[in-house]
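Text of start_35.pdb, listed as PDB, C-alpha atoms and all ligand atoms:
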```pdb
MODEL        1
ATOM      1  CA  MET U   1     -17.711 -22.066  33.570
ATOM      2  CA  SER U   2     -17.847 -23.621  30.128
ATOM      3  CA  LYS U   3     -20.126 -20.749  28.967
ATOM      4  CA  LEU U   4     -17.491 -18.300  30.176
ATOM      5  CA  ARG U   5     -14.792 -20.227  28.320
ATOM      6  CA  THR U   6     -16.898 -20.173  25.109
ATOM      7  CA  LEU U   7     -17.468 -16.428  25.534
ATOM      8  CA  CYS U   8     -13.729 -15.818  26.054
ATOM      9  CA  SER U   9     -12.948 -17.922  22.981
ATOM     10  CA  ALA U  10     -15.469 -15.994  20.885
ATOM     11  CA  LEU U  11     -14.006 -12.680  22.105
ATOM     12  CA  MET U  12     -10.516 -13.898  21.286
ATOM     13  CA  VAL U  13     -11.550 -14.901  17.763
ATOM     14  CA  THR U  14     -13.241 -11.504  17.257
ATOM     15  CA  ALA U  15     -10.115  -9.705  18.474
ATOM     16  CA  VAL U  16      -7.910 -11.728  16.117
ATOM     17  CA  GLU U  17     -10.271 -10.908  13.208
ATOM     18  CA  LYS U  18     -10.145  -7.206  14.098
ATOM     19  CA  ILE U  19      -6.329  -7.221  14.175
ATOM     20  CA  ARG U  20      -6.247  -9.062  10.852
ATOM     21  CA  ASP U  21      -8.653  -6.526   9.371
ATOM     22  CA  TRP U  22      -6.550  -3.660  10.660
ATOM     23  CA  ARG U  23      -3.389  -5.183   9.132
ATOM     24  CA  TRP U  24      -5.098  -5.508   5.752
ATOM     25  CA  LYS U  25      -6.231  -1.894   5.994
ATOM     26  CA  ALA U  26      -2.607  -0.863   6.463
ATOM     27  CA  ARG U  27      -1.414  -3.070   3.608
ATOM     28  CA  LEU U  28      -3.939  -1.692   1.142
ATOM     29  CA  ARG U  29      -3.134   1.905   2.013
ATOM     30  CA  GLY U  30      -6.514   3.587   2.052
ATOM     31  CA  CYS U  31      -8.084   1.241  -0.514
ATOM     32  CA  TYR U  32      -9.325  -1.451   1.862
ATOM     33  CA  ASP U  33     -12.817  -0.142   2.564
ATOM     34  CA  SER U  34     -13.504   0.719  -1.064
ATOM     35  CA  ALA U  35     -11.931  -2.574  -2.235
ATOM     36  CA  LYS U  36     -14.395  -4.456  -0.037
ATOM     37  CA  THR U  37     -17.357  -2.865  -1.787
ATOM     38  CA  ILE U  38     -16.191  -3.353  -5.374
ATOM     39  CA  GLN U  39     -18.278  -5.937  -7.210
ATOM     40  CA  THR U  40     -16.181  -9.068  -7.857
ATOM     41  CA  TRP U  41     -16.397 -12.856  -8.012
ATOM     42  CA  THR U  42     -12.960 -13.196  -6.466
ATOM     43  CA  THR U  43     -13.231 -14.079  -2.769
ATOM     44  CA  GLN U  44     -11.432 -12.258   0.052
ATOM     45  CA  ARG U  45      -9.123 -15.247   0.515
ATOM     46  CA  GLU U  46      -8.232 -15.323  -3.150
ATOM     47  CA  LEU U  47      -7.688 -11.553  -3.197
ATOM     48  CA  ARG U  48      -5.389 -11.785  -0.170
ATOM     49  CA  GLU U  49      -3.461 -14.597  -1.783
ATOM     50  CA  LEU U  50      -3.023 -12.450  -4.898
ATOM     51  CA  TYR U  51      -1.584  -9.746  -2.659
ATOM     52  CA  ARG U  52       0.853 -12.230  -1.081
ATOM     53  CA  LEU U  53       1.928 -13.630  -4.424
ATOM     54  CA  ALA U  54       2.483 -10.129  -5.831
ATOM     55  CA  ALA U  55       4.381  -9.060  -2.703
ATOM     56  CA  SER U  56       6.686 -12.062  -3.046
ATOM     57  CA  CYS U  57       7.688 -11.120  -6.607
ATOM     58  CA  PRO U  58      11.330 -10.160  -7.230
ATOM     59  CA  PRO U  59      12.243  -6.467  -6.657
ATOM     60  CA  GLY U  60      11.044  -4.189  -9.474
ATOM     61  CA  ALA U  61       8.832  -6.964 -10.863
ATOM     62  CA  THR U  62       6.354  -6.514 -13.679
ATOM     63  CA  ALA U  63       3.080  -8.395 -13.317
ATOM     64  CA  VAL U  64       0.187  -8.665 -15.769
ATOM     65  CA  GLU U  65      -3.500  -9.020 -14.996
ATOM     66  CA  ILE U  66      -5.681 -10.299 -17.823
ATOM     67  CA  GLY U  67      -9.248  -9.322 -16.933
ATOM     68  CA  SER U  68      -9.439  -6.498 -14.386
ATOM     69  CA  TYR U  69     -13.163  -5.711 -14.501
ATOM     70  CA  LEU U  70     -13.868  -3.091 -11.799
ATOM     71  CA  GLY U  71     -10.466  -3.324 -10.135
ATOM     72  CA  ALA U  72     -10.949  -5.471  -7.000
ATOM     73  CA  SER U  73      -8.161  -7.925  -7.842
ATOM     74  CA  THR U  74      -6.160  -5.057  -9.373
ATOM     75  CA  ILE U  75      -6.011  -3.278  -6.010
ATOM     76  CA  TYR U  76      -4.675  -6.333  -4.156
ATOM     77  CA  LEU U  77      -2.140  -7.101  -6.873
ATOM     78  CA  ALA U  78      -0.946  -3.491  -7.142
ATOM     79  CA  ALA U  79      -0.698  -3.097  -3.347
ATOM     80  CA  GLY U  80       1.399  -6.291  -3.187
ATOM     81  CA  LEU U  81       3.625  -5.110  -6.018
ATOM     82  CA  LYS U  82       4.103  -1.782  -4.286
ATOM     83  CA  GLN U  83       5.968  -3.698  -1.547
ATOM     84  CA  VAL U  84       8.614  -4.707  -4.079
ATOM     85  CA  HIS U  85       8.517  -1.498  -6.129
ATOM     86  CA  GLY U  86       6.900  -3.386  -8.960
ATOM     87  CA  ARG U  87       4.135  -2.449 -11.395
ATOM     88  CA  LEU U  88       1.018  -4.033 -12.802
ATOM     89  CA  VAL U  89      -0.078  -4.031 -16.440
ATOM     90  CA  CYS U  90      -3.864  -4.522 -16.648
ATOM     91  CA  VAL U  91      -5.336  -5.826 -19.878
ATOM     92  CA  ASP U  92      -9.070  -5.606 -20.444
ATOM     93  CA  THR U  93     -11.455  -4.276 -23.055
ATOM     94  CA  TRP U  94     -13.458  -2.796 -20.159
ATOM     95  CA  ASN U  95     -16.524  -3.565 -22.233
ATOM     96  CA  ASN U  96     -17.705  -6.169 -19.732
ATOM     97  CA  GLU U  97     -17.368  -8.969 -22.250
ATOM     98  CA  THR U  98     -18.388 -12.449 -21.101
ATOM     99  CA  MET U  99     -19.815 -11.001 -17.876
ATOM    100  CA  PRO U 100     -23.268 -12.187 -16.812
ATOM    101  CA  GLU U 101     -24.698  -8.656 -16.462
ATOM    102  CA  GLY U 102     -24.074  -7.876 -20.161
ATOM    103  CA  GLU U 103     -21.827  -5.486 -22.064
ATOM    104  CA  ARG U 104     -21.200  -1.949 -20.789
ATOM    105  CA  ASP U 105     -18.257   0.446 -20.513
ATOM    106  CA  THR U 106     -16.583  -0.196 -17.137
ATOM    107  CA  PHE U 107     -13.397   1.796 -17.643
ATOM    108  CA  GLU U 108     -14.376   4.930 -15.720
ATOM    109  CA  GLU U 109     -15.478   2.874 -12.732
ATOM    110  CA  PHE U 110     -12.225   0.887 -12.871
ATOM    111  CA  GLU U 111     -10.167   4.116 -12.971
ATOM    112  CA  ARG U 112     -12.093   5.536 -10.026
ATOM    113  CA  ASN U 113     -11.672   2.380  -7.948
ATOM    114  CA  ILE U 114      -7.923   2.030  -8.461
ATOM    115  CA  SER U 115      -7.095   5.746  -8.194
ATOM    116  CA  ARG U 116      -5.089   5.424  -4.942
ATOM    117  CA  LEU U 117      -2.698   2.948  -6.557
ATOM    118  CA  ARG U 118      -2.750   4.520 -10.013
ATOM    119  CA  ASP U 119       1.032   5.086 -10.026
ATOM    120  CA  ARG U 120       1.601   1.281  -9.954
ATOM    121  CA  ILE U 121      -0.893   0.455 -12.707
ATOM    122  CA  VAL U 122      -0.659   0.587 -16.499
ATOM    123  CA  PRO U 123      -4.077  -0.051 -18.098
ATOM    124  CA  VAL U 124      -3.934  -1.489 -21.623
ATOM    125  CA  ARG U 125      -7.373  -1.295 -23.158
ATOM    126  CA  LYS U 126      -7.513  -3.994 -25.793
ATOM    127  CA  ARG U 127      -8.348  -7.629 -26.316
ATOM    128  CA  SER U 128      -5.976  -9.867 -24.408
ATOM    129  CA  GLU U 129      -4.981 -11.849 -27.487
ATOM    130  CA  GLU U 130      -3.710  -8.601 -29.043
ATOM    131  CA  LEU U 131      -1.290  -7.884 -26.189
ATOM    132  CA  THR U 132       2.288  -7.214 -27.339
ATOM    133  CA  GLN U 133       5.697  -6.978 -25.683
ATOM    134  CA  GLN U 134       5.617  -3.194 -26.308
ATOM    135  CA  ASP U 135       2.448  -2.904 -24.215
ATOM    136  CA  ILE U 136       4.327  -4.403 -21.282
ATOM    137  CA  GLY U 137       7.858  -3.142 -21.809
ATOM    138  CA  ALA U 138       9.656  -5.664 -19.553
ATOM    139  CA  GLU U 139       9.910  -9.339 -18.753
ATOM    140  CA  VAL U 140       6.896 -10.565 -16.825
ATOM    141  CA  ASP U 141       7.334 -12.267 -13.420
ATOM    142  CA  PHE U 142       3.734 -12.925 -12.503
ATOM    143  CA  VAL U 143       0.489 -13.233 -14.485
ATOM    144  CA  PHE U 144      -3.068 -13.428 -13.196
ATOM    145  CA  ILE U 145      -5.401 -14.813 -15.882
ATOM    146  CA  ASP U 146      -9.047 -13.922 -15.223
ATOM    147  CA  GLY U 147     -10.494 -12.873 -18.604
ATOM    148  CA  GLU U 148     -12.686 -15.134 -20.663
ATOM    149  CA  HIS U 149     -12.850 -18.609 -19.076
ATOM    150  CA  SER U 150     -13.399 -20.915 -22.071
ATOM    151  CA  TYR U 151     -10.651 -23.470 -22.793
ATOM    152  CA  GLU U 152      -9.759 -21.750 -26.068
ATOM    153  CA  ALA U 153      -9.580 -18.284 -24.484
ATOM    154  CA  VAL U 154      -7.444 -19.387 -21.512
ATOM    155  CA  ARG U 155      -5.099 -21.208 -23.849
ATOM    156  CA  ARG U 156      -4.922 -18.154 -26.140
ATOM    157  CA  ASP U 157      -4.171 -15.847 -23.192
ATOM    158  CA  PHE U 158      -1.472 -18.158 -21.863
ATOM    159  CA  GLU U 159       0.179 -18.631 -25.267
ATOM    160  CA  CYS U 160       0.078 -14.896 -25.940
ATOM    161  CA  ILE U 161       1.911 -14.032 -22.692
ATOM    162  CA  LEU U 162       4.253 -17.047 -22.719
ATOM    163  CA  PRO U 163       7.091 -15.458 -24.802
ATOM    164  CA  MET U 164       7.098 -12.452 -22.458
ATOM    165  CA  LEU U 165       7.586 -14.450 -19.236
ATOM    166  CA  SER U 166      10.759 -14.528 -17.165
ATOM    167  CA  ALA U 167      12.431 -17.883 -16.511
ATOM    168  CA  ARG U 168      10.983 -17.938 -12.970
ATOM    169  CA  ALA U 169       7.511 -16.727 -13.849
ATOM    170  CA  LEU U 170       4.422 -17.706 -11.912
ATOM    171  CA  VAL U 171       0.984 -17.861 -13.556
ATOM    172  CA  ALA U 172      -2.254 -17.820 -11.543
ATOM    173  CA  PHE U 173      -5.634 -18.797 -13.009
ATOM    174  CA  HIS U 174      -8.961 -17.830 -11.503
ATOM    175  CA  ASP U 175     -12.097 -20.014 -11.439
ATOM    176  CA  SER U 176      -9.881 -23.031 -11.973
ATOM    177  CA  THR U 177     -11.508 -25.535  -9.633
ATOM    178  CA  TYR U 178     -15.196 -24.956 -10.144
ATOM    179  CA  GLY U 179     -17.241 -27.180 -12.428
ATOM    180  CA  GLU U 180     -18.690 -24.038 -13.998
ATOM    181  CA  PHE U 181     -15.483 -23.405 -15.983
ATOM    182  CA  PRO U 182     -14.049 -26.813 -16.902
ATOM    183  CA  GLY U 183     -11.931 -25.232 -19.664
ATOM    184  CA  VAL U 184      -9.663 -23.559 -17.104
ATOM    185  CA  SER U 185      -8.820 -26.730 -15.164
ATOM    186  CA  ARG U 186      -8.516 -28.686 -18.423
ATOM    187  CA  PHE U 187      -5.954 -26.206 -19.701
ATOM    188  CA  ILE U 188      -3.979 -26.287 -16.420
ATOM    189  CA  GLY U 189      -4.032 -30.098 -16.403
ATOM    190  CA  GLU U 190      -2.765 -30.299 -19.983
ATOM    191  CA  THR U 191      -0.024 -27.764 -19.285
ATOM    192  CA  LEU U 192       1.198 -29.663 -16.211
ATOM    193  CA  ALA U 193       1.100 -32.939 -18.124
ATOM    194  CA  ARG U 194       3.634 -31.568 -20.614
ATOM    195  CA  GLY U 195       6.151 -31.407 -17.775
ATOM    196  CA  GLN U 196       7.543 -27.879 -18.190
ATOM    197  CA  TRP U 197       5.272 -26.251 -15.635
ATOM    198  CA  PHE U 198       4.765 -27.287 -12.029
ATOM    199  CA  LEU U 199       1.888 -26.834  -9.667
ATOM    200  CA  ALA U 200       2.667 -24.077  -7.175
ATOM    201  CA  GLY U 201      -0.521 -24.176  -5.105
ATOM    202  CA  ASN U 202      -4.201 -23.482  -4.792
ATOM    203  CA  VAL U 203      -6.532 -21.313  -2.759
ATOM    204  CA  GLY U 204     -10.257 -21.609  -3.474
ATOM    205  CA  GLY U 205     -10.641 -21.184  -7.235
ATOM    206  CA  LEU U 206      -7.150 -19.762  -7.649
ATOM    207  CA  THR U 207      -4.509 -22.143  -8.979
ATOM    208  CA  CYS U 208      -0.866 -21.189  -9.558
ATOM    209  CA  ILE U 209       1.661 -22.886 -11.740
ATOM    210  CA  ARG U 210       5.336 -22.034 -12.006
ATOM    211  CA  ARG U 211       7.984 -22.528 -14.589
ATOM    212  CA  GLY U 212      10.674 -24.927 -13.456
ATOM    213  CA  PRO U 213      11.033 -26.466 -10.013
ATOM    214  CA  LEU U 214      12.619 -23.289  -8.653
ATOM    215  CA  PRO U 215      11.821 -22.187  -5.131
ATOM    216  CA  TRP U 216       9.556 -19.354  -6.142
ATOM    217  CA  PRO U 217       7.408 -17.782  -4.885
ATOM    218  CA  ARG U 218       9.762 -17.575  -1.961
ATOM    219  CA  GLU U 219       8.338 -18.789   1.306
ATOM    220  CA  SER U 220       6.509 -21.444  -0.636
ATOM    221  CA  ASP U 221       6.756 -24.312   1.829
ATOM    222  CA  GLU U 222       3.026 -24.241   2.367
ATOM    223  CA  LEU U 223       2.013 -24.877  -1.194
ATOM    224  CA  CYS U 224      -0.216 -27.856  -1.295
ATOM    225  CA  PRO U 225      -0.249 -30.376  -4.101
ATOM    226  CA  ILE U 226      -3.818 -30.753  -5.236
ATOM    227  CA  GLY U 227      -6.020 -32.749  -7.501
ATOM    228  CA  LEU U 228      -7.306 -30.064  -9.856
ATOM    229  CA  GLN U 229     -10.933 -30.720  -9.066
ATOM    230  CA  ALA U 230     -10.346 -30.775  -5.306
ATOM    231  CA  GLN U 231     -11.402 -27.793  -3.234
ATOM    232  CA  TRP U 232      -8.566 -27.545  -0.783
ATOM    233  CA  HIS U 233      -8.154 -24.446   1.247
ATOM    234  CA  CYS U 234      -4.491 -23.816   1.989
ATOM    235  CA  PRO U 235      -2.736 -20.475   2.230
ATOM    236  CA  MET U 236       0.108 -20.542  -0.226
ATOM    237  CA  SER U 237       2.989 -18.564   1.110
ATOM    238  CA  ARG U 238       4.061 -18.756   4.721
ATOM    239  CA  SER U 239       7.549 -19.766   5.703
ATOM    240  CA  ASP U 240       7.281 -18.881   9.380
ATOM    241  CA  VAL U 241       5.473 -22.069  10.400
ATOM    242  CA  LYS U 242       7.213 -24.021  13.172
ATOM    243  CA  VAL U 243       4.359 -26.230  14.383
ATOM    244  CA  SER U 244       1.414 -27.740  12.500
ATOM    245  CA  VAL U 245      -1.700 -28.529  14.526
ATOM    246  CA  ILE U 246      -4.031 -31.023  12.870
ATOM    247  CA  ILE U 247      -7.626 -30.805  14.077
ATOM    248  CA  PRO U 248      -9.931 -33.598  12.946
ATOM    249  CA  CYS U 249     -13.536 -32.517  12.561
ATOM    250  CA  TYR U 250     -16.877 -34.214  12.135
ATOM    251  CA  ASN U 251     -19.907 -31.996  12.861
ATOM    252  CA  HIS U 252     -20.071 -30.253  16.291
ATOM    253  CA  GLY U 253     -18.499 -27.126  14.730
ATOM    254  CA  ALA U 254     -18.672 -25.179  18.008
ATOM    255  CA  THR U 255     -15.793 -27.246  19.424
ATOM    256  CA  LEU U 256     -13.807 -26.250  16.331
ATOM    257  CA  ARG U 257     -14.110 -22.601  17.345
ATOM    258  CA  GLU U 258     -12.756 -23.433  20.794
ATOM    259  CA  ALA U 259      -9.891 -25.489  19.379
ATOM    260  CA  ARG U 260      -8.970 -22.685  17.010
ATOM    261  CA  ALA U 261      -9.094 -20.054  19.752
ATOM    262  CA  SER U 262      -6.879 -22.163  21.991
ATOM    263  CA  VAL U 263      -4.284 -22.507  19.209
ATOM    264  CA  GLU U 264      -4.429 -18.776  18.554
ATOM    265  CA  GLN U 265      -3.571 -18.128  22.187
ATOM    266  CA  ALA U 266      -0.184 -19.775  21.646
ATOM    267  CA  ARG U 267       2.719 -17.498  22.515
ATOM    268  CA  ASN U 268       3.813 -17.207  18.886
ATOM    269  CA  ALA U 269       0.540 -17.919  17.105
ATOM    270  CA  ASN U 270       2.046 -16.909  13.755
ATOM    271  CA  ALA U 271       4.384 -19.877  13.888
ATOM    272  CA  VAL U 272       1.496 -22.309  14.214
ATOM    273  CA  LYS U 273      -0.288 -23.678  11.198
ATOM    274  CA  VAL U 274      -3.786 -25.038  11.764
ATOM    275  CA  ILE U 275      -4.882 -27.844   9.460
ATOM    276  CA  ILE U 276      -8.486 -28.928   9.876
ATOM    277  CA  VAL U 277      -9.328 -32.267   8.322
ATOM    278  CA  ASP U 278     -13.080 -32.395   7.872
ATOM    279  CA  ASP U 279     -14.380 -35.938   7.679
ATOM    280  CA  GLY U 280     -17.442 -35.052   5.583
ATOM    281  CA  SER U 281     -19.380 -33.004   8.171
ATOM    282  CA  SER U 282     -23.041 -32.837   7.299
ATOM    283  CA  ASP U 283     -24.504 -30.174   9.585
ATOM    284  CA  ALA U 284     -24.968 -26.642   8.246
ATOM    285  CA  GLU U 285     -23.535 -24.957  11.345
ATOM    286  CA  THR U 286     -20.251 -26.875  11.007
ATOM    287  CA  THR U 287     -20.044 -26.039   7.293
ATOM    288  CA  ARG U 288     -20.532 -22.391   8.162
ATOM    289  CA  ILE U 289     -17.802 -22.522  10.818
ATOM    290  CA  LEU U 290     -15.440 -24.377   8.451
ATOM    291  CA  ASN U 291     -15.935 -21.611   5.876
ATOM    292  CA  GLU U 292     -15.315 -18.993   8.544
ATOM    293  CA  VAL U 293     -12.088 -20.748   9.579
ATOM    294  CA  ALA U 294     -10.952 -21.081   5.953
ATOM    295  CA  GLU U 295     -11.737 -17.382   5.365
ATOM    296  CA  ALA U 296      -9.485 -16.591   8.331
ATOM    297  CA  GLY U 297      -6.644 -18.221   6.413
ATOM    298  CA  HIS U 298      -6.427 -21.668   8.027
ATOM    299  CA  CYS U 299      -6.054 -24.817   5.973
ATOM    300  CA  VAL U 300      -9.245 -26.849   5.633
ATOM    301  CA  VAL U 301      -8.910 -30.238   3.995
ATOM    302  CA  PRO U 302     -12.274 -31.796   3.163
ATOM    303  CA  GLN U 303     -12.670 -35.520   2.606
ATOM    304  CA  PRO U 304     -15.651 -37.817   2.154
ATOM    305  CA  ASN U 305     -16.839 -39.298   5.479
ATOM    306  CA  ARG U 306     -14.953 -42.476   6.305
ATOM    307  CA  GLY U 307     -17.069 -43.526   9.247
TER     308      GLY U 307
HETATM  309  C1  LIG U 401     -14.171 -12.171 -14.442
HETATM  310  S1  LIG U 401     -13.860 -10.516 -14.927
HETATM  311  C2  LIG U 401     -12.383 -10.122 -14.091
HETATM  312  C3  LIG U 401     -12.582  -9.995 -12.606
HETATM  313  C4  LIG U 401     -11.469  -9.350 -11.850
HETATM  314  N1  LIG U 401     -10.211 -10.009 -12.073
HETATM  315  C5  LIG U 401     -11.808  -9.379 -10.367
HETATM  316  O1  LIG U 401     -11.217 -10.202  -9.631
HETATM  317  O2  LIG U 401     -12.652  -8.601  -9.929
HETATM  318  C6  LIG U 401     -13.405 -10.700 -16.609
HETATM  319  C7  LIG U 401     -12.987  -9.429 -17.324
HETATM  320  O3  LIG U 401     -12.321  -9.843 -18.513
HETATM  321  C8  LIG U 401     -12.676  -8.995 -19.574
HETATM  322  N2  LIG U 401     -12.525  -9.742 -20.831
HETATM  323  C9  LIG U 401     -13.228 -10.819 -21.262
HETATM  324  N3  LIG U 401     -12.730 -11.251 -22.432
HETATM  325  C10 LIG U 401     -11.681 -10.452 -22.737
HETATM  326  C11 LIG U 401     -10.737 -10.400 -23.818
HETATM  327  N4  LIG U 401     -10.788 -11.258 -24.836
HETATM  328  N5  LIG U 401      -9.791  -9.444 -23.780
HETATM  329  C12 LIG U 401      -9.728  -8.548 -22.772
HETATM  330  N6  LIG U 401     -10.577  -8.559 -21.725
HETATM  331  C13 LIG U 401     -11.536  -9.489 -21.708
HETATM  332  C14 LIG U 401     -14.105  -8.559 -19.274
HETATM  333  O4  LIG U 401     -14.363  -7.298 -19.887
HETATM  334  C15 LIG U 401     -14.104  -8.490 -17.740
HETATM  335  O5  LIG U 401     -13.826  -7.197 -17.289
ENDMDL
END
```

For the structure just supplied, provide its representation as structure tokens.
Ligand SMILES: C[S@@+](CC[C@H](N)C(=O)[O-])C[C@H]1O[C@@H](n2cnc3c(N)ncnc32)[C@H](O)[C@@H]1O
Amino acid sequence: MSKLRTLCSALMVTAVEKIRDWRWKARLRGCYDSAKTIQTWTTQRELRELYRLAASCPPGATAVEIGSYLGASTIYLAAGLKQVHGRLVCVDTWNNETMPEGERDTFEEFERNISRLRDRIVPVRKRSEELTQQDIGAEVDFVFIDGEHSYEAVRRDFECILPMLSARALVAFHDSTYGEFPGVSRFIGETLARGQWFLAGNVGGLTCIRRGPLPWPRESDELCPIGLQAQWHCPMSRSDVKVSVIIPCYNHGATLREARASVEQARNANAVKVIIVDDGSSDAETTRILNEVAEAGHCVVPQPNRG
């Protein structure tokens, strides 16, 4: 009986994943399969969050991406902006600077990858610090900074775009919570400490700050306050949540799958937010399942084991 229940739960989870996949296919309008194969360091969860943030921009918004590489993040941003009839200015030298595989011309590959959303995208091929207001042509509502990750470069990119930002602008930084790029989190911390920017939220290595305590991005009630070094996994923009289910976890990840499946059977599963508090699980299977659950968009809050 319990085997049957586990099988049903697994089938349910697979079905939910398939539906989710199908919805993303529709959102990305023919780019989904190719977007999945484009080389990138940005995770699926971060890419999806970029889509959501772009789609919650004001109508006709202009967004800027600093560091587009081969176009994976560009596709998600541009598809989100398409929802609000916005456009995306992409700034990159497309010479693969600062990338581990060495310098090469990546522009043709970028153009090929983004071709389906080309009408939403304005590539500006230059160094980010040379970006001007004329290159952009409008006030900027949303910026994704993912170029060079040193403290000096992030600061330079931010200061260069700052005069072009709208009063309600949101700025997202990539690789902001990993020890590998301490300059990014240092810059965010210093900026918040000055008191003019506020933390909007965090997903994986993606951290967003916003200007002023205004309620933007809209539907932002899920933004989680974070310590900048913490690796919290919380989706940033859902306003439809009516019930939060908190699932404590310590090892025995299989029961987590069952708990998740039972929540997803709820009549209006979209209105339920699942928060899994992991009390420092140590077994590999549970870690794998926690990652799987976080990838599916649920909130996973890790903490050191408290016994
Ligand atoms: C980490 S990749 C961007 C990844 C991309 N956002 C994604 O999610 O797939 C960094 C990119 O920034 C570009 N880059 C590095 N320094 C730059 C600079 N000073 N100006 C313009 N582009 C730069 C590199 O050429 C590279 O394409």

Kindly compile the residues surrounding ligand LIG 401 (chain U) within 7 Å, counting all atoms listed in the file, and format them as a short mmCIF file (atom, residue, chain, number, x, y, z; two decimals) with C-alpha atoms, keeping the file's coordinate frame.
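Saved the output as selection39.cif:
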```cif
data_model
loop_
_atom_site.label_atom_id
_atom_site.label_comp_id
_atom_site.auth_asym_id
_atom_site.auth_seq_id
_atom_site.Cartn_x
_atom_site.Cartn_y
_atom_site.Cartn_z
CA GLN U 39 -18.28 -5.94 -7.21
CA THR U 40 -16.18 -9.07 -7.86
CA TRP U 41 -16.40 -12.86 -8.01
CA THR U 42 -12.96 -13.20 -6.47
CA ILE U 66 -5.68 -10.30 -17.82
CA GLY U 67 -9.25 -9.32 -16.93
CA SER U 68 -9.44 -6.50 -14.39
CA TYR U 69 -13.16 -5.71 -14.50
CA LEU U 70 -13.87 -3.09 -11.80
CA GLY U 71 -10.47 -3.32 -10.14
CA ALA U 72 -10.95 -5.47 -7.00
CA SER U 73 -8.16 -7.92 -7.84
CA THR U 74 -6.16 -5.06 -9.37
CA VAL U 91 -5.34 -5.83 -19.88
CA ASP U 92 -9.07 -5.61 -20.44
CA THR U 93 -11.46 -4.28 -23.06
CA TRP U 94 -13.46 -2.80 -20.16
CA ASN U 95 -16.52 -3.56 -22.23
CA ASN U 96 -17.70 -6.17 -19.73
CA GLU U 97 -17.37 -8.97 -22.25
CA THR U 98 -18.39 -12.45 -21.10
CA MET U 99 -19.82 -11.00 -17.88
CA LYS U 126 -7.51 -3.99 -25.79
CA ARG U 127 -8.35 -7.63 -26.32
CA SER U 128 -5.98 -9.87 -24.41
CA GLU U 129 -4.98 -11.85 -27.49
CA ASP U 146 -9.05 -13.92 -15.22
CA GLY U 147 -10.49 -12.87 -18.60
CA GLU U 148 -12.69 -15.13 -20.66
#
```

Counting all atoms listed in the file, the residue of U:Ser262, U:Ser56, U:Ser282, U:Ser150 that sits nearest U:Ile247: U:Ser262

Residue nearest U:Arg288 - candidates U:Ala254, U:Gly102, U:Leu28, U:Ala193, atoms counted: only C-alpha atoms: U:Ala254

Quick one: residues within 10 Å of U:Ile161, all atoms listed in the file counted, chain neighbours fewer than 3 positions away excluded, as an mmCIF file with C-alpha atoms, keeping the file's coordinate frame?
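result.cif written:
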```cif
data_model
loop_
_atom_site.group_PDB
_atom_site.id
_atom_site.type_symbol
_atom_site.label_atom_id
_atom_site.label_comp_id
_atom_site.auth_asym_id
_atom_site.auth_seq_id
_atom_site.Cartn_x
_atom_site.Cartn_y
_atom_site.Cartn_z
ATOM 1 C CA VAL U 64 0.187 -8.665 -15.769
ATOM 2 C CA ILE U 66 -5.681 -10.299 -17.823
ATOM 3 C CA SER U 128 -5.976 -9.867 -24.408
ATOM 4 C CA GLU U 129 -4.981 -11.849 -27.487
ATOM 5 C CA LEU U 131 -1.290 -7.884 -26.189
ATOM 6 C CA THR U 132 2.288 -7.214 -27.339
ATOM 7 C CA GLN U 133 5.697 -6.978 -25.683
ATOM 8 C CA VAL U 140 6.896 -10.565 -16.825
ATOM 9 C CA VAL U 143 0.489 -13.233 -14.485
ATOM 10 C CA ARG U 156 -4.922 -18.154 -26.140
ATOM 11 C CA ASP U 157 -4.171 -15.847 -23.192
ATOM 12 C CA PHE U 158 -1.472 -18.158 -21.863
ATOM 13 C CA MET U 164 7.098 -12.452 -22.458
ATOM 14 C CA LEU U 165 7.586 -14.450 -19.236
ATOM 15 C CA VAL U 171 0.984 -17.861 -13.556
#
```

Nearest-residue call for U:Ala200, choices U:Cys160, U:Ala261, U:Ala169, U:Ala10, using all atoms listed in the file: U:Ala169

Top pick for closest residue to U:Ser281, considering U:Ser2, U:Asn268, U:Gly86, U:Tyr250 and counting all atoms listed in the file: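 Among U:Ser2, U:Asn268, U:Gly86, U:Tyr250, it is U:Tyr250 that comes nearest to U:Ser281.
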
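Put simply, atom CA of U:Pro182 is 19.0 Å away from atom CA of U:Thr43.
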
Atomic separation - atom CA of U:Arg194 relative to atom CA of U:Gly137, Å: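 Separation between atom CA of U:Gly137 and atom CA of U:Arg194: 28.8 Å.
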
Between atom CA of U:Ile289 and atom CA of U:Gly253, distance in Å (one decimal):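 Atom-to-atom, atom CA of U:Ile289 and atom CA of U:Gly253 are spaced 6.1 Å apart.
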
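Once all atoms listed in the file are considered, the residues situated within 10 Å of the file point (4.7, -16.2, -11.4) turn out to be Leu53, Ala54, Ser56, Cys57, Pro58, Ala63, Val64, Val140, Asp141, Phe142, Val143, Phe144, Leu165, Ser166, Ala167, Arg168, Ala169, Leu170, Val171, Ala172, Ala200, Cys208, Ile209, Arg210, Arg211, Trp216 and Pro217 of chain U.
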
Selection result for the PyMOL selection byres (((chain U and resi 49) around 9) and not hetatm) on this file, as a PyMOL selection string: chain U and resi 44-48+50-54+76+203+206+235-237

The PyMOL selection byres (((chain U and resi 186) around 12) and not hetatm) applied to the shown file, residues as an MDAnalysis selection string: chainID U and resid 149:152 154:155 173 175:179 181:185 187:193 227:229

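Ranking U:His174, U:Arg260, U:Lys273, U:Arg29 by their shortest atom-to-atom distance to U:Ser115, with all atoms listed in the file included, puts U:Arg29 first.
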
Residues matched by the PyMOL selection byres (((chain U and resi 276) around 6) and not hetatm), written as a PyMOL selection string: chain U and resi 246-248+275+277+300

Top pick for closest residue to U:Leu117, considering U:Val84, U:Met12, U:Gly201, U:Leu77 and counting all atoms listed in the file: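 Closest to U:Leu117, using all atoms listed in the file: U:Leu77.
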